[in-house]
Amino acid sequence: MNGHSSLIRMETPPMPYFITIGLSRFAPGEQHPSRRNLGVFDLLWVVKGVLHIGEEDRQWELAEGQTLLLLPD
């Protein structure tokens with residue numbers, strides 16, 4: 001594994017487990033909806049362009065092909 005890789009380990013309840021998958025497209029200037037009290041993980045995967053996103057006091061800039069996993073709430 002190279003120095004840029006990270007492993008994510010999440011323990012989940014026994015199957016069946018409810019998984020929701022969706023696709024959102026954002027035009028320049030649009031904002032990701034509020035995640036307050038969402039209660040689920042949010043995996044963002046940038047397919048094209050650049051996504052500037054912030055949550056509380058953290059800021060990220062994701063380029064094409066990059067992902068960001070946001071924790072619940």
# chains A, B, ... in the order shown; residues from 1 in each chain; ligands from 1
>>> residues_around(residues="A:Ser24", least_positions_apart="6", cutoff="12 Å", atoms="only C-alpha atoms", output="list of chain:residue names")
A:Glu30, A:Gln31, A:His32, A:Pro33, A:Asp42, A:Leu43, A:Leu44, A:Trp45, A:Val46, A:Val47
>>> residues_around(residues="A:Leu71", least_positions_apart="6", cutoff="10 Å", atoms="only C-alpha atoms", output="list of chain:residue names")
A:Arg35, A:Leu38, A:Gly39, A:Val40, A:Phe41, A:Asp42, A:Leu43
>>> write_last_selection(atoms="N, CA and C atoms", output="PDB file, in the first residue's frame")
ATOM      1  N   ARG A  35     -26.628  18.329   6.344  1.00  0.00           N
ATOM      2  CA  ARG A  35     -26.532  16.952   6.835  1.00  0.00           C
ATOM      3  C   ARG A  35     -26.871  16.864   8.315  1.00  0.00           C
ATOM      4  N   LEU A  38     -28.766  13.814  10.029  1.00  0.00           N
ATOM      5  CA  LEU A  38     -29.013  12.903   8.909  1.00  0.00           C
ATOM      6  C   LEU A  38     -28.958  11.444   9.363  1.00  0.00           C
ATOM      7  N   GLY A  39     -27.985  11.105  10.240  1.00  0.00           N
ATOM      8  CA  GLY A  39     -27.925   9.759  10.798  1.00  0.00           C
ATOM      9  C   GLY A  39     -27.303   8.702   9.910  1.00  0.00           C
ATOM     10  N   VAL A  40     -26.750   9.070   8.773  1.00  0.00           N
ATOM     11  CA  VAL A  40     -26.116   8.094   7.887  1.00  0.00           C
ATOM     12  C   VAL A  40     -24.772   8.636   7.404  1.00  0.00           C
ATOM     13  N   PHE A  41     -23.913   7.721   6.982  1.00  0.00           N
ATOM     14  CA  PHE A  41     -22.662   8.124   6.346  1.00  0.00           C
ATOM     15  C   PHE A  41     -22.984   8.713   4.984  1.00  0.00           C
ATOM     16  N   ASP A  42     -22.132   9.585   4.504  1.00  0.00           N
ATOM     17  CA  ASP A  42     -22.321  10.202   3.198  1.00  0.00           C
ATOM     18  C   ASP A  42     -21.008  10.083   2.442  1.00  0.00           C
ATOM     19  N   LEU A  43     -20.994   9.262   1.384  1.00  0.00           N
ATOM     20  CA  LEU A  43     -19.807   9.089   0.563  1.00  0.00           C
ATOM     21  C   LEU A  43     -19.947   9.968  -0.672  1.00  0.00           C
TER      22      LEU A  43
END
>>> closest_residue(among="A:Ile21, A:Glu55, A:Lys48, A:Met10", to="A:Ser34", atoms="only C-alpha atoms")
A:Glu55
>>> atom_distance(atom1="atom CA of A:Leu68", atom2="atom CA of A:Gly54")
11.2 Å
>>> select_by_dssp(residues="stretch 11-55 of chain A", states="strand (DSSP E or B)", output="number ranges by chain")
A: 42-45, 50-55
>>> write_last_selection(atoms="N, CA, C and O atoms", output="compact mmCIF listing (two decimals), in the first residue's frame")
# COMPACT_ATOMS: atom_id res chain seq x y z
N ASP A 42 -22.13 9.59 4.50
CA ASP A 42 -22.32 10.20 3.20
C ASP A 42 -21.01 10.08 2.44
O ASP A 42 -20.00 10.67 2.84
N LEU A 43 -20.99 9.26 1.38
CA LEU A 43 -19.81 9.09 0.56
C LEU A 43 -19.95 9.97 -0.67
O LEU A 43 -20.87 9.78 -1.47
N LEU A 44 -19.06 10.93 -0.80
CA LEU A 44 -19.06 11.82 -1.96
C LEU A 44 -17.96 11.37 -2.91
O LEU A 44 -16.82 11.17 -2.49
N TRP A 45 -18.30 11.22 -4.17
CA TRP A 45 -17.34 10.78 -5.18
C TRP A 45 -17.47 11.75 -6.34
O TRP A 45 -18.52 11.85 -6.97
N VAL A 50 -14.63 19.86 -9.89
CA VAL A 50 -14.08 20.02 -8.55
C VAL A 50 -15.23 20.35 -7.60
O VAL A 50 -16.12 21.12 -7.94
N LEU A 51 -15.20 19.75 -6.41
CA LEU A 51 -16.21 20.01 -5.39
C LEU A 51 -15.54 20.67 -4.20
O LEU A 51 -14.59 20.12 -3.63
N HIS A 52 -16.01 21.85 -3.83
CA HIS A 52 -15.55 22.54 -2.63
C HIS A 52 -16.62 22.29 -1.57
O HIS A 52 -17.79 22.61 -1.79
N ILE A 53 -16.22 21.70 -0.45
CA ILE A 53 -17.20 21.36 0.57
C ILE A 53 -16.61 21.63 1.95
O ILE A 53 -15.41 21.49 2.17
N GLY A 54 -17.48 22.07 2.86
CA GLY A 54 -17.07 22.32 4.22
C GLY A 54 -18.11 21.79 5.19
O GLY A 54 -19.29 21.71 4.87
N GLU A 55 -17.64 21.38 6.36
CA GLU A 55 -18.54 20.89 7.40
C GLU A 55 -17.95 21.34 8.73
O GLU A 55 -16.81 20.99 9.05
>>> atom_distance(atom1="atom CA of A:Arg25", atom2="atom CA of A:Gly49")
11.0 Å
>>> atom_distance(atom1="atom CA of A:Gln66", atom2="atom CA of A:Glu11")
23.3 Å
